[in-house]
>>> print(open('protein-v9.tsv').read())   # TSV, C-alpha atoms
chain	number	residue	atom	x	y	z
G	1038	MET	CA	144.76	201.53	57.19
G	1039	LYS	CA	146.89	203.83	59.35
G	1040	LYS	CA	144.09	203.99	61.94
G	1041	LEU	CA	143.88	200.17	62.02
G	1042	THR	CA	147.64	199.88	62.44
G	1043	ALA	CA	147.64	202.45	65.23
G	1044	PHE	CA	144.78	200.63	66.94
G	1045	LEU	CA	146.56	197.27	66.74
G	1046	LEU	CA	149.77	198.81	68.11
G	1047	SER	CA	147.85	200.44	70.93
G	1048	LEU	CA	146.10	197.15	71.73
G	1049	ALA	CA	149.42	195.29	71.75
G	1050	LEU	CA	150.90	197.92	74.07
G	1051	CYS	CA	147.97	197.58	76.48
G	1052	VAL	CA	148.33	193.80	76.54
G	1053	LEU	CA	152.07	194.15	77.14
G	1054	CYS	CA	151.50	196.61	79.99
G	1055	ALA	CA	148.89	194.37	81.55
G	1056	PHE	CA	151.31	191.45	81.35
G	1057	CYS	CA	154.06	193.52	82.96
G	1058	VAL	CA	151.78	194.60	85.77
G	1059	ALA	CA	150.68	191.01	86.31
G	1060	GLY	CA	154.31	189.93	86.33
G	1061	CYS	CA	155.09	192.40	89.07
G	1062	ASN	CA	152.27	191.59	91.47
G	1063	ASP	CA	152.45	189.84	94.80
G	1064	ASP	CA	151.89	186.44	93.15
G	1065	ASP	CA	155.50	186.54	91.97
G	1066	ASP	CA	156.97	187.30	95.39
G	1067	TYR	CA	159.15	184.68	97.02
G	1068	GLU	CA	157.11	182.74	99.55
G	1069	VAL	CA	158.41	182.74	103.13
G	1070	PHE	CA	156.99	180.36	105.74
G	1071	VAL	CA	157.55	181.08	109.41
G	1072	PRO	CA	156.34	179.26	112.54
G	1073	ASP	CA	154.15	181.18	114.94
G	1074	GLY	CA	155.93	182.38	118.08
G	1075	ALA	CA	159.43	183.86	118.38
G	1076	PRO	CA	160.34	183.22	114.70
G	1077	ALA	CA	157.27	185.16	113.55
G	1078	LEU	CA	158.14	187.91	116.01
G	1079	SER	CA	161.64	188.14	114.51
G	1080	ILE	CA	160.25	189.13	111.13
G	1081	ALA	CA	157.18	191.12	112.19
G	1082	GLY	CA	158.68	194.38	110.92
G	1083	ILE	CA	159.59	193.20	107.41
G	1084	GLU	CA	157.06	195.63	105.94
G	1085	TRP	CA	159.41	198.48	106.89
G	1086	THR	CA	162.37	196.99	105.04
G	1087	GLU	CA	163.65	196.58	101.49
G	1088	ALA	CA	162.88	192.85	101.73
G	1089	ASP	CA	159.15	193.60	101.55
G	1090	ARG	CA	159.65	194.17	97.81
G	1091	TYR	CA	160.73	190.58	97.30
G	1092	PHE	CA	159.05	188.42	99.93
G	1093	ASP	CA	155.55	187.41	100.97
G	1094	VAL	CA	155.57	186.09	104.57
G	1095	ASN	CA	153.17	183.39	105.75
G	1096	VAL	CA	152.94	182.61	109.48
G	1097	VAL	CA	151.91	178.99	110.04
G	1098	ASP	CA	151.44	176.52	112.87
G	1099	ALA	CA	154.84	175.59	114.27
G	1100	SER	CA	154.15	171.87	113.94
G	1101	ALA	CA	153.65	172.19	110.17
G	1102	ILE	CA	156.77	174.12	109.17
G	1103	GLY	CA	158.66	171.06	107.93
G	1104	SER	CA	155.99	170.28	105.34
G	1105	PHE	CA	156.76	173.49	103.44
G	1106	VAL	CA	160.40	172.57	102.73
G	1107	THR	CA	159.73	168.96	101.67
G	1108	GLY	CA	157.55	167.42	98.99
G	1109	GLY	CA	156.65	170.26	96.67
G	1110	MET	CA	159.04	172.58	98.53
G	1111	ARG	CA	156.49	175.40	98.58
G	1112	ALA	CA	158.77	177.56	100.73
G	1113	ASP	CA	161.30	179.65	98.86
G	1114	VAL	CA	162.53	180.75	102.28
G	1115	ALA	CA	161.66	179.39	105.72
G	1116	ILE	CA	162.50	179.91	109.37
G	1117	MET	CA	162.56	176.65	111.30
G	1118	PRO	CA	164.09	174.93	114.34
G	1119	VAL	CA	167.77	174.21	113.75
G	1120	ASN	CA	167.44	170.49	114.49
G	1121	ALA	CA	164.62	170.07	111.97
G	1122	ALA	CA	166.51	172.14	109.38
G	1123	VAL	CA	169.62	169.99	109.72
G	1124	LYS	CA	167.69	166.71	109.66
G	1125	GLN	CA	165.55	167.59	106.65
G	1126	LEU	CA	167.82	169.87	104.64
G	1127	GLY	CA	171.35	169.51	106.02
G	1128	SER	CA	172.79	167.87	102.91
G	1129	GLY	CA	172.62	171.28	101.23
G	1130	GLU	CA	171.08	169.76	98.10
G	1131	ASN	CA	168.05	172.04	97.87
G	1132	TYR	CA	168.31	174.67	100.61
G	1133	THR	CA	171.01	176.84	102.14
G	1134	LEU	CA	171.14	177.90	105.80
G	1135	LEU	CA	171.42	181.70	105.79
G	1136	GLY	CA	172.00	182.29	109.52
G	1137	THR	CA	170.62	181.96	113.03
G	1138	VAL	CA	167.50	183.99	113.81
G	1139	THR	CA	166.70	183.23	117.47
G	1140	HIS	CA	168.85	182.02	120.36
G	1141	GLY	CA	166.38	180.54	122.81
G	1142	ASN	CA	163.26	181.52	124.77
G	1143	LEU	CA	163.16	178.85	127.49
G	1144	TYR	CA	162.87	179.53	131.21
G	1145	LEU	CA	162.85	177.38	134.33
G	1146	LEU	CA	159.89	178.06	136.61
G	1147	LYS	CA	159.81	177.17	140.31
G	1148	LYS	CA	156.99	176.78	142.79
G	1149	GLU	CA	156.88	178.64	146.08
G	1150	GLY	CA	159.80	177.55	148.25
G	1151	GLY	CA	161.85	176.38	145.27
G	1152	GLU	CA	165.46	177.45	144.85
G	1153	ASP	CA	166.85	179.61	142.06
G	1154	ILE	CA	168.94	177.95	139.36
G	1155	SER	CA	170.86	181.02	138.27
G	1156	VAL	CA	174.22	179.53	137.24
G	1157	ALA	CA	175.38	176.13	136.06
G	1158	ALA	CA	176.62	175.15	139.52
G	1159	ASP	CA	173.04	175.49	140.81
G	1160	LEU	CA	171.87	172.64	138.58
G	1161	ASN	CA	172.93	170.21	141.30
G	1162	LYS	CA	169.90	171.45	143.26
G	1163	LEU	CA	167.69	169.65	140.73
G	1164	VAL	CA	169.03	166.17	141.54
G	1165	GLY	CA	166.16	164.11	142.94
G	1166	LYS	CA	163.64	166.72	141.76
G	1167	THR	CA	161.20	166.38	138.85
G	1168	VAL	CA	161.21	168.94	136.05
G	1169	GLY	CA	158.10	169.12	133.87
G	1170	ILE	CA	158.97	170.14	130.32
G	1171	ILE	CA	156.55	171.37	127.67
G	1172	ASN	CA	157.59	169.38	124.59
G	1173	LEU	CA	160.15	167.09	126.20
G	1174	ASN	CA	160.88	165.25	122.95
G	1175	ASN	CA	161.75	168.33	120.92
G	1176	VAL	CA	163.91	171.43	121.32
G	1177	PRO	CA	162.84	172.36	124.89
G	1178	GLY	CA	163.49	168.90	126.31
G	1179	LEU	CA	166.55	168.24	124.17
G	1180	THR	CA	168.10	171.56	125.13
G	1181	PHE	CA	167.57	170.91	128.83
G	1182	LYS	CA	169.13	167.45	128.43
G	1183	VAL	CA	172.11	169.08	126.69
G	1184	ILE	CA	172.57	171.50	129.61
G	1185	LEU	CA	172.44	168.65	132.14
G	1186	ASN	CA	174.82	166.55	130.03
G	1187	ASP	CA	177.28	169.44	129.69
G	1188	ASN	CA	177.37	169.63	133.48
G	1189	ASP	CA	177.77	165.85	134.00
G	1190	LEU	CA	174.34	165.52	135.61
G	1191	PRO	CA	172.48	162.26	134.88
G	1192	PHE	CA	168.79	162.50	134.00
G	1193	ASN	CA	165.89	160.10	134.18
G	1194	VAL	CA	162.96	160.35	131.77
G	1195	LEU	CA	159.70	159.52	133.49
G	1196	THR	CA	157.72	157.39	131.10
G	1197	GLU	CA	155.03	154.89	132.07
G	1198	GLY	CA	156.42	152.42	134.60
G	1199	VAL	CA	159.57	154.48	135.32
G	1200	ALA	CA	159.87	155.79	138.87
G	1201	ALA	CA	161.60	159.00	139.93
G	1202	ALA	CA	165.27	158.56	140.90
G	1203	GLU	CA	166.82	160.26	143.93
G	1204	ASP	CA	170.27	160.48	142.33
G	1205	LYS	CA	169.20	161.94	138.97
G	1206	VAL	CA	167.28	164.89	137.55
G	1207	ASN	CA	163.86	163.52	136.64
G	1208	LEU	CA	162.25	164.77	133.43
G	1209	LYS	CA	158.54	164.58	132.67
G	1210	ASP	CA	156.68	165.57	129.52
G	1211	VAL	CA	153.80	167.92	130.38
G	1212	ASN	CA	151.34	170.12	128.53
G	1213	ALA	CA	150.87	173.79	129.29
G	1214	ASN	CA	147.75	173.18	131.37
G	1215	ALA	CA	149.77	171.03	133.80
G	1216	VAL	CA	152.17	173.87	134.62
G	1217	LEU	CA	150.59	174.77	137.95
G	1218	PRO	CA	151.82	175.81	141.39
G	1219	THR	CA	149.60	173.05	142.82
G	1220	SER	CA	151.25	170.29	140.77
G	1221	ALA	CA	152.11	167.25	142.88
G	1222	ASP	CA	154.14	165.68	140.07
G	1223	CYS	CA	156.70	168.39	139.31
G	1224	ASP	CA	158.98	170.65	141.33
G	1225	TYR	CA	160.10	172.82	138.40
G	1226	PHE	CA	158.96	173.46	134.83
G	1227	VAL	CA	160.69	174.37	131.55
G	1228	VAL	CA	158.40	176.80	129.71
G	1229	PRO	CA	158.93	179.00	126.61
G	1230	GLU	CA	158.07	182.67	126.39
G	1231	PRO	CA	155.50	184.16	126.36
G	1232	ALA	CA	153.89	181.31	128.32
G	1233	ALA	CA	156.51	181.61	131.09
G	1234	THR	CA	155.71	185.23	131.89
G	1235	THR	CA	151.98	184.55	131.50
G	1236	LYS	CA	152.19	181.73	134.06
G	1237	VAL	CA	154.03	183.96	136.54
G	1238	THR	CA	151.46	186.74	136.11
G	1239	LYS	CA	148.36	184.56	136.27
G	1240	THR	CA	149.53	182.66	139.37
G	1241	GLN	CA	150.40	185.96	141.10
G	1242	GLY	CA	153.96	184.78	141.66
G	1243	LYS	CA	153.14	181.31	142.99
G	1244	LEU	CA	155.13	180.25	139.96
G	1245	SER	CA	158.23	182.36	139.37
G	1246	ILE	CA	161.28	182.30	137.12
G	1247	ALA	CA	164.08	180.28	138.71
G	1248	GLY	CA	166.50	180.18	135.81
G	1249	ASP	CA	167.26	181.18	132.23
G	1250	LEU	CA	168.18	178.20	130.02
G	1251	GLN	CA	170.04	180.47	127.63
G	1252	ALA	CA	172.35	181.64	130.43
G	1253	LEU	CA	172.70	178.08	131.74
G	1254	TYR	CA	173.74	176.92	128.26
G	1255	GLY	CA	176.23	179.78	127.90
G	1256	GLU	CA	177.65	181.44	124.77
G	1257	GLY	CA	174.81	183.97	124.71
G	1258	GLY	CA	172.25	181.22	124.15
G	1259	TYR	CA	171.96	178.35	121.72
G	1260	PRO	CA	170.95	178.39	118.03
G	1261	GLN	CA	167.22	177.76	118.15
G	1262	ALA	CA	165.64	178.91	114.86
G	1263	VAL	CA	167.48	179.38	111.57
G	1264	ALA	CA	166.60	180.85	108.19
G	1265	VAL	CA	166.94	178.70	105.07
G	1266	ALA	CA	166.50	179.58	101.39
G	1267	LYS	CA	166.38	177.63	98.16
G	1268	LYS	CA	169.82	177.31	96.63
G	1269	SER	CA	168.49	178.48	93.28
G	1270	ILE	CA	167.39	181.82	94.77
G	1271	VAL	CA	170.67	182.26	96.65
G	1272	LYS	CA	172.49	181.77	93.34
G	1273	ASN	CA	170.22	183.69	90.98
G	1274	ASP	CA	168.92	186.54	93.14
G	1275	PRO	CA	171.61	187.50	95.66
G	1276	ALA	CA	170.12	191.00	96.07
G	1277	ALA	CA	166.88	189.52	97.42
G	1278	ILE	CA	168.80	187.28	99.82
G	1279	ARG	CA	170.85	190.20	101.11
G	1280	ALA	CA	167.66	192.22	101.61
G	1281	PHE	CA	166.11	189.34	103.55
G	1282	ILE	CA	169.12	189.01	105.83
G	1283	ASP	CA	169.23	192.77	106.40
G	1284	CYS	CA	165.54	192.86	107.33
G	1285	PHE	CA	166.11	191.16	110.69
G	1286	SER	CA	168.01	194.01	112.31
G	1287	VAL	CA	165.48	196.58	111.09
G	1288	SER	CA	162.59	194.41	112.25
G	1289	LYS	CA	164.14	193.96	115.69
G	1290	ASN	CA	164.62	197.71	116.08
G	1291	TRP	CA	161.00	198.24	115.08
G	1292	ILE	CA	159.49	195.73	117.54
G	1293	MET	CA	161.70	197.03	120.37
G	1294	ALA	CA	160.95	200.71	119.73
G	1295	GLU	CA	158.88	202.35	122.47
G	1296	SER	CA	156.62	203.85	119.80
G	1297	THR	CA	155.73	200.35	118.55
G	1298	THR	CA	152.81	199.07	120.60
G	1299	PRO	CA	152.02	195.38	121.29
G	1300	TYR	CA	148.85	195.73	119.24
G	1301	MET	CA	150.84	196.99	116.22
G	1302	ILE	CA	153.16	193.97	116.40
G	1303	TYR	CA	150.27	191.56	116.86
G	1304	GLU	CA	148.45	193.05	113.87
G	1305	GLU	CA	151.51	192.65	111.64
G	1306	ILE	CA	151.86	188.98	112.60
G	1307	ASP	CA	148.13	188.32	112.24
G	1308	ASP	CA	148.06	189.93	108.80
G	1309	MET	CA	150.76	187.48	107.68
G	1310	THR	CA	148.97	184.44	109.11
G	1311	GLU	CA	147.47	181.69	107.01
G	1312	GLY	CA	143.93	180.87	108.08
G	1313	ASP	CA	142.39	181.39	111.48
G	1314	MET	CA	145.07	180.53	114.06
G	1315	ALA	CA	145.42	181.44	117.72
G	1316	HIS	CA	148.84	183.03	118.20
G	1317	ALA	CA	151.41	182.37	120.90
G	1318	PHE	CA	151.55	186.13	121.39
G	1319	THR	CA	148.69	188.50	122.07
G	1320	ALA	CA	148.48	192.25	122.48
G	1321	ASP	CA	148.31	191.60	126.23
G	1322	ASN	CA	151.49	189.53	126.65
G	1323	LEU	CA	153.78	191.23	124.10
G	1324	THR	CA	155.71	193.34	126.58
G	1325	LYS	CA	159.20	194.58	125.75
G	1326	GLN	CA	160.60	192.23	128.41
G	1327	VAL	CA	158.88	189.22	126.85
G	1328	ILE	CA	160.23	190.23	123.44
G	1329	GLN	CA	163.71	190.57	124.96
G	1330	ASN	CA	163.30	187.10	126.48
G	1331	CYS	CA	162.73	185.57	123.04
G	1332	GLY	CA	166.40	185.74	122.05
G	1333	ILE	CA	165.85	187.45	118.72
G	1334	ASN	CA	169.18	188.36	117.16
G	1335	TYR	CA	170.30	187.50	113.64
G	1336	GLU	CA	173.76	185.92	113.56
G	1337	SER	CA	175.60	185.21	110.32
G	1338	ASN	CA	177.38	181.95	109.63
G	1339	SER	CA	180.76	183.66	110.00
G	1340	THR	CA	180.31	183.32	113.76
G	1341	GLY	CA	177.20	181.16	113.97
G	1342	LYS	CA	178.25	178.13	111.91
G	1343	ASP	CA	180.53	176.64	114.57
G	1344	LYS	CA	177.84	177.21	117.22
G	1345	ILE	CA	175.29	175.36	115.11
G	1346	ILE	CA	177.63	172.42	114.53
G	1347	SER	CA	178.50	172.27	118.23
G	1348	PHE	CA	174.85	172.41	119.28
G	1349	MET	CA	173.92	169.67	116.82
G	1350	GLN	CA	176.69	167.45	118.17
G	1351	LYS	CA	175.31	167.96	121.67
G	1352	LEU	CA	171.74	167.25	120.55
G	1353	ASN	CA	172.86	164.05	118.88
G	1354	ALA	CA	174.71	163.01	122.04
G	1355	VAL	CA	171.49	163.08	124.08
G	1356	SER	CA	169.20	161.67	121.38
G	1357	GLY	CA	171.03	158.76	119.77
G	1358	ASN	CA	172.34	160.70	116.75
G	1359	ALA	CA	168.78	161.41	115.66
G	1360	TRP	CA	169.43	164.67	113.83
G	1361	GLY	CA	172.49	164.12	111.65
G	1362	THR	CA	175.29	166.53	110.82
G	1363	PRO	CA	175.05	169.47	108.40
G	1364	SER	CA	177.36	169.46	105.40
G	1365	ASN	CA	179.56	172.44	104.57
G	1366	ASP	CA	177.44	172.96	101.47
G	1367	PHE	CA	174.46	173.73	103.69
G	1368	PHE	CA	175.91	176.99	105.02
G	1369	TYR	CA	175.51	180.28	103.16
G	1370	VAL	CA	178.62	182.30	102.44
G	1371	ALA	CA	177.96	186.01	101.89
G	1372	GLN	CA	178.61	187.12	98.32
>>> encode(input="protein-v9.tsv", output="structure tokens")
Amino acid sequence: MKKLTAFLLSLALCVLCAFCVAGCNDDDDYEVFVPDGAPALSIAGIEWTEADRYFDVNVVDASAIGSFVTGGMRADVAIMPVNAAVKQLGSGENYTLLGTVTHGNLYLLKKEGGEDISVAADLNKLVGKTVGIINLNNVPGLTFKVILNDNDLPFNVLTEGVAAAEDKVNLKDVNANAVLPTSADCDYFVVPEPAATTKVTKTQGKLSIAGDLQALYGEGGYPQAVAVAKKSIVKNDPAAIRAFIDCFSVSKNWIMAESTTPYMIYEEIDDMTEGDMAHAFTADNLTKQVIQNCGINYESNSTGKDKIISFMQKLNAVSGNAWGTPSNDFFYVAQ
């Protein structure tokens, strides 16, 4: 009888241990969804931080990020463009905005003979010219419109049947393949990193950087990508949230370290990627300068909140109030 009792106790202990192990595996990590590109780069070093204990990062196609915070709300945490975050989540009902992760990675390219647009006063040189913008209808185009609007420069969007104006800055939606020094349609281009540097390199300088949109905007750049987390996690697991916020500075130091090679960074991002996806960054274009040009710098809401609200007001001014206004409840307050 004693042997049977001991056996049953031992069996129960084994089952309990197995359950505990199962309860502590990666399946119970908080799921983080991050768009490919600069946001993924910002968190590439999470493995070297305390946050790696809590979070499982999934790098996904940038166009799909919104689907993970709506519907079934698969994302416990996400990094996403600030305009999309405010439009989809800005009521603060389900998610909280933790802080700003990136501050812009857009550059103005010129063709041979073009003039530099180094400071805001130089923007006048674009009047009568045509600027081709990759993704005119989203953050790149909206941000450039904001910069023009801030400097009282009228712009003209070239859609079918609309001719270029001599007294305005003409804006044209283009794809990356149309960003060429031989283009007859455009005088300048707005291009994100790493594509901007890649274009300069591959054209052997026939396209070159004429201006930095972050500098033209001012304030050290604009809030581009933000981190959001489910309100339930912010409330019930503040230690995990603090670890996630702290991971950004450690990750930035890791990707910028001379001992960290481009291949190491690429491998970290690729290991976190869902499915078979071609990345914006490769081991060939991930130079330290390109990384620097991506505006990666975590900013808390203590200083970043007002910048986000201001930027959203400016975006709405150039897009017919399309994005809404974030509520106070949307912004995380450190505990």
>>> atom_distance(input="protein-v9.tsv", atom1="CA of Ile1170 in chain G", atom2="CA of Ala1359 in chain G")
19.7 Å
>>> residues_around(input="protein-v9.tsv", residues="Ile1270 in chain G", least_positions_apart="6", cutoff="10 Å", atoms="only C-alpha atoms", output="VMD selection string")
chain G and resid 1067 1113 to 1114 1132 to 1133 1276 to 1278
>>> atom_distance(input="protein-v9.tsv", atom1="CA of Ile1080 in chain G", atom2="CA of Ala1122 in chain G")
18.2 Å
>>> residues_around(input="protein-v9.tsv", residues="Asn1330 in chain G", least_positions_apart="5", cutoff="10 Å", atoms="all atoms listed in the file", output="NGL selection string")
:G and (1075 or 1140-1144 or 1229-1231 or 1233-1234 or 1249 or 1251 or 1324-1325)
>>> closest_residue(input="protein-v9.tsv", among="G:Ser1128, G:Gln1241, G:Gln1329, G:Thr1139", to="Met1293 in chain G", atoms="only C-alpha atoms")
G:Gln1329
>>> residues_around(input="protein-v9.tsv", residues="Met1314 in chain G", least_positions_apart="2", cutoff="12 Å", atoms="only C-alpha atoms", output="ChimeraX atom specification")
/G:1072-1074,1095-1099,1306-1312,1316-1319
>>> closest_residue(input="protein-v9.tsv", among="G:Val1164, G:Gly1255, G:Pro1260, G:Ala1232", to="Asp1321 in chain G", atoms="all atoms listed in the file")
G:Ala1232
>>> closest_residue(input="protein-v9.tsv", among="G:Phe1070, G:Thr1196, G:Gly1082, G:Ala1371", to="Met1110 in chain G", atoms="all atoms listed in the file")
G:Phe1070
>>> closest_residue(input="protein-v9.tsv", among="G:Glu1336, G:Asp1153, G:Glu1068, G:Asp1187", to="Val1355 in chain G", atoms="all atoms listed in the file")
G:Asp1187
>>> atom_distance(input="protein-v9.tsv", atom1="CA of Asn1365 in chain G", atom2="CA of Thr1340 in chain G")
14.3 Å
>>> closest_atom_pairs(input="protein-v9.tsv", of="range 1091-1169 of chain G", to="range 1211-1224 of chain G", cutoff="6 Å", atoms="all atoms listed in the file", output="Markdown table")
| residue | atom | partner | partner_atom | distance |
| --- | --- | --- | --- | --- |
| G:Lys1148 | CA | G:Pro1218 | CA | 5.4 |
| G:Thr1167 | CA | G:Cys1223 | CA | 4.9 |
| G:Val1168 | CA | G:Cys1223 | CA | 5.6 |
| G:Gly1169 | CA | G:Cys1223 | CA | 5.7 |
>>> write_last_selection(input="protein-v9.tsv", atoms="C-alpha atoms", output="PDB file, keeping the file's coordinate frame")
ATOM      1  CA  LYS G1148     156.990 176.780 142.790  1.00  0.00           C
ATOM      2  CA  THR G1167     161.200 166.380 138.850  1.00  0.00           C
ATOM      3  CA  VAL G1168     161.210 168.940 136.050  1.00  0.00           C
ATOM      4  CA  GLY G1169     158.100 169.120 133.870  1.00  0.00           C
TER       5      GLY G1169
END
>>> closest_residue(input="protein-v9.tsv", among="G:Ser1347, G:Asn1188, G:Thr1240, G:Gln1372", to="Pro1275 in chain G", atoms="all atoms listed in the file")
G:Gln1372
>>> axis_aligned_box(input="protein-v9.tsv", around="range 1360-1372 of chain G", padding_each_side="4 Å", output="lines of an AutoDock Vina configuration file")
center_x = 174.5
center_y = 175.6
center_z = 106.1
size_x = 18.1
size_y = 31.0
size_z = 23.5
>>> closest_residue(input="protein-v9.tsv", among="G:Asp1210, G:Lys1351, G:Glu1152, G:Ala1264", to="Leu1126 in chain G", atoms="all atoms listed in the file")
G:Ala1264
>>> residues_around(input="protein-v9.tsv", residues="Ser1079 in chain G", least_positions_apart="4", cutoff="12 Å", atoms="only C-alpha atoms", output="count of residues only")
39
>>> residues_around(input="protein-v9.tsv", residues="Ala1200 in chain G", least_positions_apart="5", cutoff="12 Å", atoms="all atoms listed in the file", output="compact mmCIF listing (two decimals) with C-alpha atoms, in the frame of the given file")
# COMPACT_ATOMS: atom_id res chain seq x y z
CA GLY G 1165 166.16 164.11 142.94
CA LYS G 1166 163.64 166.72 141.76
CA THR G 1167 161.20 166.38 138.85
CA ASN G 1193 165.89 160.10 134.18
CA VAL G 1194 162.96 160.35 131.77
CA LEU G 1195 159.70 159.52 133.49
CA LYS G 1205 169.20 161.94 138.97
CA VAL G 1206 167.28 164.89 137.55
CA ASN G 1207 163.86 163.52 136.64
CA LEU G 1208 162.25 164.77 133.43
CA LYS G 1209 158.54 164.58 132.67
CA ASP G 1222 154.14 165.68 140.07
